[in-house]
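*Asks:* Structure file final.pdb (PDB, C-alpha atoms, pLDDT in the B column) is given on the next line.
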```
ATOM      1  CA  MET A  47      52.299  18.950 123.342  1.00 32.00           C
ATOM      2  CA  THR A  48      54.964  20.533 121.150  1.00 38.00           C
ATOM      3  CA  PHE A  49      54.949  23.046 118.340  1.00 34.00           C
ATOM      4  CA  GLU A  50      55.657  20.128 116.022  1.00 37.00           C
ATOM      5  CA  THR A  51      52.223  18.684 116.643  1.00 35.00           C
ATOM      6  CA  VAL A  52      50.327  21.952 117.133  1.00 36.00           C
ATOM      7  CA  TYR A  53      51.610  24.077 114.283  1.00 38.00           C
ATOM      8  CA  SER A  54      53.360  22.072 111.587  1.00 40.00           C
ATOM      9  CA  ASP A  55      50.151  21.430 109.595  1.00 45.00           C
ATOM     10  CA  ALA A  56      48.440  24.751 110.242  1.00 43.00           C
ATOM     11  CA  PRO A  57      49.997  27.517 108.114  1.00 46.00           C
ATOM     12  CA  ALA A  58      48.267  30.867 107.847  1.00 48.00           C
ATOM     13  CA  PRO A  59      46.072  31.322 104.744  1.00 47.00           C
ATOM     14  CA  ASP A  60      48.482  33.810 103.159  1.00 55.00           C
ATOM     15  CA  GLY A  61      51.662  31.869 103.953  1.00 54.00           C
ATOM     16  CA  PRO A  62      53.428  30.267 106.888  1.00 58.00           C
ATOM     17  CA  ALA A  63      52.861  32.028 110.194  1.00 84.00           C
ATOM     18  CA  LEU A  64      55.848  32.653 112.434  1.00 88.00           C
ATOM     19  CA  PHE A  65      55.619  29.648 114.748  1.00 89.00           C
ATOM     20  CA  PRO A  66      54.927  27.069 112.019  1.00 88.00           C
ATOM     21  CA  THR A  67      57.799  28.610 110.055  1.00 89.00           C
ATOM     22  CA  MET A  68      60.219  28.218 112.941  1.00 90.00           C
ATOM     23  CA  SER A  69      59.020  24.750 113.888  1.00 90.00           C
ATOM     24  CA  THR A  70      59.607  23.387 110.370  1.00 90.00           C
ATOM     25  CA  MET A  71      62.839  25.260 109.587  1.00 89.00           C
ATOM     26  CA  ARG A  72      65.213  22.339 109.253  1.00 88.00           C
ATOM     27  CA  ALA A  73      68.674  22.713 107.754  1.00 90.00           C
ATOM     28  CA  MET A  74      67.976  21.771 104.124  1.00 92.00           C
ATOM     29  CA  ARG A  75      71.156  20.715 102.307  1.00 95.00           C
ATOM     30  CA  ARG A  76      69.823  18.901  99.245  1.00 95.00           C
ATOM     31  CA  LEU A  77      69.151  21.633  96.706  1.00 96.00           C
ATOM     32  CA  LYS A  78      67.828  21.616  93.182  1.00 96.00           C
ATOM     33  CA  PRO A  79      70.197  23.307  90.707  1.00 95.00           C
ATOM     34  CA  ASP A  80      67.401  25.640  89.509  1.00 97.00           C
ATOM     35  CA  ALA A  81      68.235  29.335  89.780  1.00 97.00           C
ATOM     36  CA  VAL A  82      66.679  31.499  92.482  1.00 97.00           C
ATOM     37  CA  PRO A  83      65.424  34.811  91.013  1.00 97.00           C
ATOM     38  CA  ASP A  84      67.404  37.898  91.971  1.00 97.00           C
ATOM     39  CA  GLU A  85      64.300  39.574  93.365  1.00 97.00           C
ATOM     40  CA  THR A  86      63.752  36.599  95.683  1.00 97.00           C
ATOM     41  CA  LEU A  87      67.338  36.758  96.921  1.00 98.00           C
ATOM     42  CA  GLU A  88      66.920  40.486  97.493  1.00 97.00           C
ATOM     43  CA  LYS A  89      63.920  39.688  99.702  1.00 97.00           C
ATOM     44  CA  LEU A  90      66.217  37.539 101.844  1.00 98.00           C
ATOM     45  CA  ILE A  91      68.706  40.383 102.197  1.00 98.00           C
ATOM     46  CA  GLN A  92      65.874  42.801 102.967  1.00 97.00           C
ATOM     47  CA  ALA A  93      64.821  40.470 105.774  1.00 97.00           C
ATOM     48  CA  ALA A  94      68.410  40.480 107.037  1.00 97.00           C
ATOM     49  CA  VAL A  95      68.556  44.266 106.986  1.00 95.00           C
ATOM     50  CA  TRP A  96      65.385  44.387 109.083  1.00 95.00           C
ATOM     51  CA  GLY A  97      67.210  42.468 111.827  1.00 93.00           C
ATOM     52  CA  PRO A  98      68.455  44.350 114.896  1.00 88.00           C
ATOM     53  CA  SER A  99      72.019  45.635 114.850  1.00 84.00           C
ATOM     54  CA  GLY A 100      74.022  46.542 117.963  1.00 78.00           C
ATOM     55  CA  GLY A 101      74.059  50.298 118.486  1.00 78.00           C
ATOM     56  CA  ASN A 102      72.068  50.585 115.240  1.00 79.00           C
ATOM     57  CA  MET A 103      75.420  50.875 113.449  1.00 79.00           C
ATOM     58  CA  GLN A 104      74.265  48.746 110.490  1.00 86.00           C
ATOM     59  CA  CYS A 105      77.805  48.064 109.254  1.00 88.00           C
ATOM     60  CA  TYR A 106      76.866  44.744 107.651  1.00 92.00           C
ATOM     61  CA  GLU A 107      77.460  43.800 104.008  1.00 95.00           C
ATOM     62  CA  TYR A 108      76.266  40.682 102.167  1.00 97.00           C
ATOM     63  CA  VAL A 109      78.104  38.911  99.356  1.00 98.00           C
ATOM     64  CA  VAL A 110      75.540  37.036  97.239  1.00 98.00           C
ATOM     65  CA  VAL A 111      77.092  34.498  94.868  1.00 98.00           C
ATOM     66  CA  THR A 112      75.061  33.142  91.936  1.00 98.00           C
ATOM     67  CA  ASP A 113      77.684  32.939  89.183  1.00 97.00           C
ATOM     68  CA  ARG A 114      78.403  29.273  88.365  1.00 96.00           C
ATOM     69  CA  ALA A 115      82.073  29.993  87.672  1.00 97.00           C
ATOM     70  CA  VAL A 116      82.543  31.627  91.071  1.00 97.00           C
ATOM     71  CA  MET A 117      80.654  28.773  92.755  1.00 97.00           C
ATOM     72  CA  ALA A 118      82.925  26.273  90.998  1.00 97.00           C
ATOM     73  CA  ASP A 119      85.961  28.142  92.380  1.00 96.00           C
ATOM     74  CA  LEU A 120      84.501  27.956  95.881  1.00 98.00           C
ATOM     75  CA  ALA A 121      83.577  24.254  95.683  1.00 98.00           C
ATOM     76  CA  PRO A 122      87.118  22.953  96.453  1.00 97.00           C
ATOM     77  CA  LEU A 123      87.325  25.285  99.467  1.00 97.00           C
ATOM     78  CA  TRP A 124      83.967  24.031 100.694  1.00 97.00           C
ATOM     79  CA  LYS A 125      85.102  20.433 100.283  1.00 98.00           C
ATOM     80  CA  ARG A 126      88.279  21.019 102.284  1.00 97.00           C
ATOM     81  CA  CYS A 127      86.328  22.674 105.111  1.00 97.00           C
ATOM     82  CA  VAL A 128      83.663  19.942 105.203  1.00 96.00           C
ATOM     83  CA  ASP A 129      86.264  17.168 105.141  1.00 97.00           C
ATOM     84  CA  ALA A 130      88.137  18.834 108.005  1.00 96.00           C
ATOM     85  CA  TYR A 131      84.909  19.112 110.017  1.00 95.00           C
ATOM     86  CA  LEU A 132      83.769  15.528 109.387  1.00 95.00           C
ATOM     87  CA  ALA A 133      87.182  14.197 110.394  1.00 95.00           C
ATOM     88  CA  THR A 134      87.131  16.008 113.752  1.00 94.00           C
ATOM     89  CA  THR A 135      84.143  17.682 115.429  1.00 89.00           C
ATOM     90  CA  GLY A 136      81.676  16.027 113.090  1.00 89.00           C
ATOM     91  CA  LYS A 137      83.082  12.517 113.436  1.00 91.00           C
ATOM     92  CA  HIS A 138      80.633  11.463 116.146  1.00 89.00           C
ATOM     93  CA  ALA A 139      76.936  12.077 116.736  1.00 89.00           C
ATOM     94  CA  PRO A 140      76.051  14.731 119.333  1.00 86.00           C
ATOM     95  CA  ALA A 141      74.953  13.430 122.719  1.00 86.00           C
ATOM     96  CA  GLY A 142      71.360  12.282 122.576  1.00 83.00           C
ATOM     97  CA  MET A 143      71.165  12.046 118.779  1.00 85.00           C
ATOM     98  CA  PRO A 144      70.677   8.483 117.468  1.00 89.00           C
ATOM     99  CA  ASP A 145      73.465   7.241 115.226  1.00 88.00           C
ATOM    100  CA  ALA A 146      70.991   6.520 112.428  1.00 91.00           C
ATOM    101  CA  ALA A 147      69.671  10.080 112.467  1.00 88.00           C
ATOM    102  CA  TYR A 148      73.200  11.454 112.542  1.00 91.00           C
ATOM    103  CA  GLY A 149      74.139   9.207 109.646  1.00 92.00           C
ATOM    104  CA  ARG A 150      71.334  10.746 107.595  1.00 92.00           C
ATOM    105  CA  MET A 151      72.569  14.227 108.474  1.00 92.00           C
ATOM    106  CA  VAL A 152      76.135  13.354 107.463  1.00 94.00           C
ATOM    107  CA  ALA A 153      74.843  11.909 104.184  1.00 95.00           C
ATOM    108  CA  ALA A 154      73.113  15.243 103.483  1.00 94.00           C
ATOM    109  CA  ILE A 155      76.307  17.142 104.355  1.00 95.00           C
ATOM    110  CA  GLU A 156      78.299  14.929 101.993  1.00 96.00           C
ATOM    111  CA  HIS A 157      75.692  15.376  99.258  1.00 96.00           C
ATOM    112  CA  GLN A 158      75.955  19.152  99.607  1.00 96.00           C
ATOM    113  CA  ARG A 159      79.746  18.916  99.560  1.00 97.00           C
ATOM    114  CA  ASP A 160      79.768  16.792  96.397  1.00 97.00           C
ATOM    115  CA  HIS A 161      77.250  19.030  94.594  1.00 97.00           C
ATOM    116  CA  PHE A 162      78.374  22.406  95.900  1.00 97.00           C
ATOM    117  CA  ALA A 163      79.254  23.742  92.434  1.00 97.00           C
ATOM    118  CA  GLU A 164      75.546  23.341  91.565  1.00 97.00           C
ATOM    119  CA  THR A 165      74.420  25.499  94.510  1.00 97.00           C
ATOM    120  CA  PRO A 166      72.034  28.146  93.113  1.00 98.00           C
ATOM    121  CA  ALA A 167      73.017  30.878  95.579  1.00 98.00           C
ATOM    122  CA  LEU A 168      75.403  31.440  98.469  1.00 98.00           C
ATOM    123  CA  ILE A 169      75.139  34.294 100.956  1.00 98.00           C
ATOM    124  CA  ILE A 170      78.158  35.444 102.975  1.00 98.00           C
ATOM    125  CA  PRO A 171      77.278  37.916 105.771  1.00 97.00           C
ATOM    126  CA  CYS A 172      80.139  40.313 106.553  1.00 96.00           C
ATOM    127  CA  TYR A 173      80.762  42.963 109.173  1.00 92.00           C
ATOM    128  CA  LYS A 174      83.414  45.553 109.911  1.00 88.00           C
ATOM    129  CA  PHE A 175      83.040  46.936 113.411  1.00 82.00           C
ATOM    130  CA  PRO A 176      83.723  50.683 113.540  1.00 81.00           C
ATOM    131  CA  GLU A 177      86.662  51.964 115.517  1.00 81.00           C
ATOM    132  CA  PRO A 178      85.465  52.812 119.051  1.00 79.00           C
ATOM    133  CA  ARG A 179      85.437  56.460 120.064  1.00 83.00           C
ATOM    134  CA  PHE A 180      86.492  57.130 123.632  1.00 85.00           C
ATOM    135  CA  ASP A 181      87.300  60.259 125.593  1.00 89.00           C
ATOM    136  CA  GLU A 182      89.076  60.669 128.908  1.00 89.00           C
ATOM    137  CA  GLU A 183      85.913  61.422 130.855  1.00 91.00           C
ATOM    138  CA  GLY A 184      84.114  58.419 129.425  1.00 90.00           C
ATOM    139  CA  LEU A 185      87.029  56.100 130.165  1.00 91.00           C
ATOM    140  CA  GLY A 186      87.017  57.320 133.755  1.00 92.00           C
ATOM    141  CA  VAL A 187      83.337  56.461 134.165  1.00 93.00           C
ATOM    142  CA  TYR A 188      83.995  53.104 132.459  1.00 90.00           C
ATOM    143  CA  ALA A 189      86.768  52.249 134.933  1.00 92.00           C
ATOM    144  CA  GLU A 190      84.752  53.380 137.945  1.00 92.00           C
ATOM    145  CA  SER A 191      81.653  51.493 136.844  1.00 95.00           C
ATOM    146  CA  LEU A 192      83.434  48.190 136.245  1.00 94.00           C
ATOM    147  CA  GLY A 193      85.857  48.318 139.145  1.00 95.00           C
ATOM    148  CA  PRO A 194      89.297  46.628 139.199  1.00 92.00           C
ATOM    149  CA  ALA A 195      87.974  43.091 138.800  1.00 95.00           C
ATOM    150  CA  GLY A 196      85.709  44.103 135.919  1.00 93.00           C
ATOM    151  CA  LEU A 197      88.525  45.952 134.158  1.00 90.00           C
ATOM    152  CA  GLU A 198      90.804  42.935 134.472  1.00 92.00           C
ATOM    153  CA  HIS A 199      88.090  40.674 133.118  1.00 93.00           C
ATOM    154  CA  MET A 200      87.494  42.942 130.118  1.00 91.00           C
ATOM    155  CA  THR A 201      91.220  43.089 129.407  1.00 89.00           C
ATOM    156  CA  ASN A 202      91.478  39.302 129.480  1.00 92.00           C
ATOM    157  CA  THR A 203      88.392  38.742 127.321  1.00 89.00           C
ATOM    158  CA  GLN A 204      88.653  41.634 124.865  1.00 88.00           C
ATOM    159  CA  THR A 205      89.029  39.371 121.833  1.00 88.00           C
ATOM    160  CA  ARG A 206      85.928  37.360 122.765  1.00 91.00           C
ATOM    161  CA  PHE A 207      83.979  40.523 123.585  1.00 87.00           C
ATOM    162  CA  GLN A 208      84.843  42.028 120.199  1.00 86.00           C
ATOM    163  CA  ALA A 209      83.802  38.847 118.382  1.00 87.00           C
ATOM    164  CA  LEU A 210      80.508  38.712 120.275  1.00 89.00           C
ATOM    165  CA  ALA A 211      79.878  42.405 119.665  1.00 87.00           C
ATOM    166  CA  GLU A 212      80.255  41.901 115.919  1.00 88.00           C
ATOM    167  CA  GLY A 213      78.285  38.669 115.961  1.00 90.00           C
ATOM    168  CA  SER A 214      75.400  40.311 117.813  1.00 90.00           C
ATOM    169  CA  CYS A 215      75.163  42.796 114.938  1.00 91.00           C
ATOM    170  CA  VAL A 216      75.150  40.075 112.253  1.00 94.00           C
ATOM    171  CA  TYR A 217      73.403  36.928 113.473  1.00 95.00           C
ATOM    172  CA  PRO A 218      69.938  38.439 114.020  1.00 95.00           C
ATOM    173  CA  GLY A 219      70.023  39.244 110.295  1.00 96.00           C
ATOM    174  CA  VAL A 220      71.244  35.735 109.505  1.00 96.00           C
ATOM    175  CA  GLN A 221      68.299  34.253 111.391  1.00 96.00           C
ATOM    176  CA  ASN A 222      65.985  36.525 109.423  1.00 96.00           C
ATOM    177  CA  ILE A 223      67.482  35.156 106.197  1.00 97.00           C
ATOM    178  CA  LEU A 224      66.693  31.603 107.317  1.00 96.00           C
ATOM    179  CA  LEU A 225      63.158  32.549 108.362  1.00 95.00           C
ATOM    180  CA  ALA A 226      62.510  34.397 105.105  1.00 95.00           C
ATOM    181  CA  ALA A 227      63.907  31.507 103.065  1.00 96.00           C
ATOM    182  CA  ARG A 228      61.581  29.053 104.815  1.00 94.00           C
ATOM    183  CA  ALA A 229      58.597  31.382 104.356  1.00 93.00           C
ATOM    184  CA  LEU A 230      59.360  31.612 100.613  1.00 95.00           C
ATOM    185  CA  GLY A 231      59.716  27.839 100.270  1.00 94.00           C
ATOM    186  CA  LEU A 232      63.498  27.956  99.887  1.00 97.00           C
ATOM    187  CA  ALA A 233      65.958  25.539 101.433  1.00 95.00           C
ATOM    188  CA  ALA A 234      68.883  27.014 103.372  1.00 96.00           C
ATOM    189  CA  ASN A 235      71.361  26.143 106.066  1.00 95.00           C
ATOM    190  CA  VAL A 236      73.907  28.157 107.978  1.00 95.00           C
ATOM    191  CA  THR A 237      77.502  27.069 108.584  1.00 94.00           C
ATOM    192  CA  ILE A 238      80.728  28.659 109.778  1.00 95.00           C
ATOM    193  CA  TRP A 239      83.006  25.937 108.407  1.00 95.00           C
ATOM    194  CA  HIS A 240      84.428  28.393 105.880  1.00 96.00           C
ATOM    195  CA  LEU A 241      86.203  30.171 108.767  1.00 96.00           C
ATOM    196  CA  MET A 242      88.771  27.367 108.775  1.00 96.00           C
ATOM    197  CA  LEU A 243      89.967  28.789 105.444  1.00 97.00           C
ATOM    198  CA  GLU A 244      88.560  32.291 105.785  1.00 97.00           C
ATOM    199  CA  GLN A 245      91.468  34.075 104.116  1.00 96.00           C
ATOM    200  CA  GLU A 246      91.141  31.894 101.025  1.00 97.00           C
ATOM    201  CA  TRP A 247      87.393  32.479 100.880  1.00 97.00           C
ATOM    202  CA  LYS A 248      87.886  36.229 101.244  1.00 97.00           C
ATOM    203  CA  LYS A 249      90.496  36.238  98.509  1.00 97.00           C
ATOM    204  CA  ALA A 250      88.235  34.278  96.163  1.00 97.00           C
ATOM    205  CA  LEU A 251      85.365  36.700  96.790  1.00 98.00           C
ATOM    206  CA  GLY A 252      87.355  39.942  96.947  1.00 97.00           C
ATOM    207  CA  ILE A 253      86.291  40.651 100.532  1.00 97.00           C
ATOM    208  CA  PRO A 254      88.531  43.293 102.169  1.00 95.00           C
ATOM    209  CA  SER A 255      91.079  41.944 104.628  1.00 92.00           C
ATOM    210  CA  ASP A 256      89.748  44.127 107.469  1.00 91.00           C
ATOM    211  CA  THR A 257      86.182  42.833 107.066  1.00 94.00           C
ATOM    212  CA  HIS A 258      85.118  39.685 108.919  1.00 94.00           C
ATOM    213  CA  THR A 259      82.836  36.993 107.534  1.00 96.00           C
ATOM    214  CA  PHE A 260      80.303  35.294 109.789  1.00 96.00           C
ATOM    215  CA  ALA A 261      78.584  32.509 107.869  1.00 97.00           C
ATOM    216  CA  ALA A 262      78.200  30.723 104.566  1.00 97.00           C
ATOM    217  CA  ILE A 263      74.535  30.149 103.708  1.00 98.00           C
ATOM    218  CA  PRO A 264      73.721  27.961 100.678  1.00 98.00           C
ATOM    219  CA  VAL A 265      70.240  28.730  99.326  1.00 98.00           C
ATOM    220  CA  GLY A 266      68.070  26.992  96.733  1.00 97.00           C
ATOM    221  CA  TRP A 267      64.852  25.158  96.062  1.00 97.00           C
ATOM    222  CA  PRO A 268      64.602  21.992  98.192  1.00 96.00           C
ATOM    223  CA  GLN A 269      64.792  18.495  96.747  1.00 94.00           C
ATOM    224  CA  GLY A 270      62.917  17.134  99.752  1.00 86.00           C
ATOM    225  CA  ASN A 271      60.116  18.301 102.024  1.00 88.00           C
ATOM    226  CA  PHE A 272      60.172  20.541 105.037  1.00 89.00           C
ATOM    227  CA  GLY A 273      59.356  18.829 108.287  1.00 84.00           C
ATOM    228  CA  PRO A 274      59.237  19.431 112.025  1.00 88.00           C
ATOM    229  CA  VAL A 275      62.516  20.154 113.756  1.00 87.00           C
ATOM    230  CA  ARG A 276      63.615  17.927 116.608  1.00 85.00           C
ATOM    231  CA  ARG A 277      64.871  19.875 119.597  1.00 86.00           C
ATOM    232  CA  ARG A 278      65.282  19.457 123.330  1.00 86.00           C
ATOM    233  CA  PRO A 279      62.094  20.031 125.361  1.00 90.00           C
ATOM    234  CA  VAL A 280      61.728  23.533 126.765  1.00 92.00           C
ATOM    235  CA  ALA A 281      61.424  22.085 130.290  1.00 92.00           C
ATOM    236  CA  ASP A 282      64.965  20.711 129.945  1.00 91.00           C
ATOM    237  CA  VAL A 283      66.599  24.029 129.062  1.00 92.00           C
ATOM    238  CA  ILE A 284      64.791  26.702 131.059  1.00 94.00           C
ATOM    239  CA  HIS A 285      66.018  28.041 134.412  1.00 95.00           C
ATOM    240  CA  ARG A 286      63.591  30.308 136.225  1.00 95.00           C
ATOM    241  CA  ASP A 287      65.044  33.211 138.186  1.00 96.00           C
ATOM    242  CA  ARG A 288      68.326  31.371 138.866  1.00 95.00           C
ATOM    243  CA  TRP A 289      70.371  28.523 137.360  1.00 96.00           C
TER
END
```
Show me the file's structure as structure tokens.

*Replies:*
Amino acid sequence: MTFETVYSDAPAPDGPALFPTMSTMRAMRRLKPDAVPDETLEKLIQAAVWGPSGGNMQCYEYVVVTDRAVMADLAPLWKRCVDAYLATTGKHAPAGMPDAAYGRMVAAIEHQRDHFAETPALIIPCYKFPEPRFDEEGLGVYAESLGPAGLEHMTNTQTRFQALAEGSCVYPGVQNILLAARALGLAANVTIWHLMLEQEWKKALGIPSDTHTFAAIPVGWPQGNFGPVRRRPVADVIHRDRW
């Protein structure tokens, strides 16, 4: 038995409980044009701020777009990114996903693309990782602890390590945004397609050049209904003690 069947129709009396919230948290791309109140959007950011942040550095910032003129400026950028995705990575259904189901997903993506200027709110999570502070003694312990092979590996993967370090400080908050949106009855979905044109997005939004963006999250009231997510069975993905 799955969470779909156990929890999807059993919300807590005072709102969705955690497991029903997660099990019905589909990517919702068809949004009504109705505005989302500022205080509701601030609740989403509060949820994000409650998320864990690596080293408790809390160097995140959130750009929240609600101005129709700004959204209209972003719409052509969104279209270019979506078109690039659908022509490449998104051209074929993922393994195991029926073509009909994937066709419905693509139709929703295209709907969101064609109506992006009507998006009520867009959240852009940002992060600027602080400059590391090292001293000679600490670097000595670092080198001794990792050993030659470990040091070589870190040298070869520094770019990936830095990206993951920043991401680990941001994405827990992003997940909290999605959970909070679902709990409040809002539709939302997370994408990173904007990274294909990140400099143009940052210029349009006045984001400093030394600050990285990590997602573009359209938010609004759903046109459709929430429903159970469809995911791989836990038994297919878990490895106990060893791979």

*Asks:* Measuring atom to atom with all atoms listed in the file, identify which of A:Gln204, A:Glu156, A:Ile284, A:Pro83 is nearest to Cys127 of chain A.

*Replies:*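 Ranking A:Gln204, A:Glu156, A:Ile284, A:Pro83 by distance to Cys127 of chain A, first place goes to A:Glu156.
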
*Asks:* Find the residue from A:Ala81, A:Gly193, A:Pro66, A:Gly186 that sits nearest to Val111 of chain A; use all atoms listed in the file when measuring.

*Replies:* A:Ala81

*Asks:* Scan for residues within 12 Å of the point (67.0, 39.0, 102.8) in the coordinates of the file, using only C-alpha atoms, and reply as JSON, numbers by chain.

*Replies:* {"A": [84, 85, 86, 87, 88, 89, 90, 91, 92, 93, 94, 95, 96, 97, 107, 108, 109, 110, 169, 170, 171, 218, 219, 220, 221, 222, 223, 224, 225, 226, 227, 228, 229, 230, 232, 263, 265]}

*Asks:* Residues of the last selection are to be written out with C-alpha atoms, as an mmCIF file, keeping the file's coordinate frame.

*Replies:*
```cif
data_model
loop_
_atom_site.group_PDB
_atom_site.id
_atom_site.type_symbol
_atom_site.label_atom_id
_atom_site.label_comp_id
_atom_site.auth_asym_id
_atom_site.auth_seq_id
_atom_site.Cartn_x
_atom_site.Cartn_y
_atom_site.Cartn_z
ATOM 1 C CA ASP A 84 67.404 37.898 91.971
ATOM 2 C CA GLU A 85 64.300 39.574 93.365
ATOM 3 C CA THR A 86 63.752 36.599 95.683
ATOM 4 C CA LEU A 87 67.338 36.758 96.921
ATOM 5 C CA GLU A 88 66.920 40.486 97.493
ATOM 6 C CA LYS A 89 63.920 39.688 99.702
ATOM 7 C CA LEU A 90 66.217 37.539 101.844
ATOM 8 C CA ILE A 91 68.706 40.383 102.197
ATOM 9 C CA GLN A 92 65.874 42.801 102.967
ATOM 10 C CA ALA A 93 64.821 40.470 105.774
ATOM 11 C CA ALA A 94 68.410 40.480 107.037
ATOM 12 C CA VAL A 95 68.556 44.266 106.986
ATOM 13 C CA TRP A 96 65.385 44.387 109.083
ATOM 14 C CA GLY A 97 67.210 42.468 111.827
ATOM 15 C CA GLU A 107 77.460 43.800 104.008
ATOM 16 C CA TYR A 108 76.266 40.682 102.167
ATOM 17 C CA VAL A 109 78.104 38.911 99.356
ATOM 18 C CA VAL A 110 75.540 37.036 97.239
ATOM 19 C CA ILE A 169 75.139 34.294 100.956
ATOM 20 C CA ILE A 170 78.158 35.444 102.975
ATOM 21 C CA PRO A 171 77.278 37.916 105.771
ATOM 22 C CA PRO A 218 69.938 38.439 114.020
ATOM 23 C CA GLY A 219 70.023 39.244 110.295
ATOM 24 C CA VAL A 220 71.244 35.735 109.505
ATOM 25 C CA GLN A 221 68.299 34.253 111.391
ATOM 26 C CA ASN A 222 65.985 36.525 109.423
ATOM 27 C CA ILE A 223 67.482 35.156 106.197
ATOM 28 C CA LEU A 224 66.693 31.603 107.317
ATOM 29 C CA LEU A 225 63.158 32.549 108.362
ATOM 30 C CA ALA A 226 62.510 34.397 105.105
ATOM 31 C CA ALA A 227 63.907 31.507 103.065
ATOM 32 C CA ARG A 228 61.581 29.053 104.815
ATOM 33 C CA ALA A 229 58.597 31.382 104.356
ATOM 34 C CA LEU A 230 59.360 31.612 100.613
ATOM 35 C CA LEU A 232 63.498 27.956 99.887
ATOM 36 C CA ILE A 263 74.535 30.149 103.708
ATOM 37 C CA VAL A 265 70.240 28.730 99.326
#
```

*Asks:* Any idea what the distance is between atom CA of Gln208 of chain A and atom CA of Gly100 of chain A?

*Replies:* 11.9 Å

*Asks:* Go through A:Val236, A:Ala167, A:Ala147, A:Val116 one by one, measure the shortest atom-to-atom distance of each to Asp80 of chain A using only C-alpha atoms, and give the residue with the smallest value.

*Replies:*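 Closest to Asp80 of chain A of all the choices is A:Ala167.
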
*Asks:* What gap, in Å, lies between atom CA of Phe162 of chain A and atom CA of Ala121 of chain A?

*Replies:* 5.5 Å

*Asks:* Given the choices A:Asn271, A:Arg114, A:Thr70, A:Arg75, which gets closest to Arg150 of chain A if the distance is worked out from only C-alpha atoms?

*Replies:* A:Arg75

*Asks:* For this structure, which residues satisfy the selection - the PyMOL selection byres ((chain A and resi 211) around 12) - when it is evaluated on the file as given? I want them as an mmCIF file with C-alpha atoms, keeping the file's coordinate frame.

*Replies:*
```cif
data_model
loop_
_atom_site.group_PDB
_atom_site.id
_atom_site.type_symbol
_atom_site.label_atom_id
_atom_site.label_comp_id
_atom_site.auth_asym_id
_atom_site.auth_seq_id
_atom_site.Cartn_x
_atom_site.Cartn_y
_atom_site.Cartn_z
ATOM 1 C CA SER A 99 72.019 45.635 114.850
ATOM 2 C CA GLY A 100 74.022 46.542 117.963
ATOM 3 C CA GLY A 101 74.059 50.298 118.486
ATOM 4 C CA MET A 103 75.420 50.875 113.449
ATOM 5 C CA TYR A 173 80.762 42.963 109.173
ATOM 6 C CA LYS A 174 83.414 45.553 109.911
ATOM 7 C CA PHE A 175 83.040 46.936 113.411
ATOM 8 C CA PRO A 176 83.723 50.683 113.540
ATOM 9 C CA PRO A 178 85.465 52.812 119.051
ATOM 10 C CA GLN A 204 88.653 41.634 124.865
ATOM 11 C CA THR A 205 89.029 39.371 121.833
ATOM 12 C CA ARG A 206 85.928 37.360 122.765
ATOM 13 C CA PHE A 207 83.979 40.523 123.585
ATOM 14 C CA GLN A 208 84.843 42.028 120.199
ATOM 15 C CA ALA A 209 83.802 38.847 118.382
ATOM 16 C CA LEU A 210 80.508 38.712 120.275
ATOM 17 C CA GLU A 212 80.255 41.901 115.919
ATOM 18 C CA GLY A 213 78.285 38.669 115.961
ATOM 19 C CA SER A 214 75.400 40.311 117.813
ATOM 20 C CA CYS A 215 75.163 42.796 114.938
ATOM 21 C CA VAL A 216 75.150 40.075 112.253
ATOM 22 C CA TYR A 217 73.403 36.928 113.473
#
```

*Asks:* For each of A:Ile238, A:Met74, A:Ala118, A:Cys105, take the minimum atom-to-atom distance to Thr257 of chain A, counting all atoms listed in the file, then give the residue where this is smallest.

*Replies:*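 Closest to Thr257 of chain A, using all atoms listed in the file: A:Cys105.
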
*Asks:* Could you work out how far atom CA of Ser69 of chain A lies from atom CA of Val280 of chain A, giving the answer in Å with one decimal?

*Replies:* 13.2 Å

*Asks:* Applied to this file, what does the PyMOL selection byres ((chain A and resi 166) around 8) return in terms of residues, put as an MDAnalysis selection string?

*Replies:* chainID A and resid 77:82 112 164:165 167:168 264:266

*Asks:* Between A:Ala261, A:Leu185, A:Ala63, A:Leu251, which one has atoms that come closest to Met117 of chain A, using only C-alpha atoms?

*Replies:* A:Leu251

*Asks:* Counting all atoms listed in the file, select every polymer residue within 10 Å of (61.4, 26.4, 112.9) as defined in the file's coordinates, and provide the selection as an NGL selection string.

*Replies:* :A and (49-50 or 54 or 64-73 or 224-225 or 228 or 272-277)
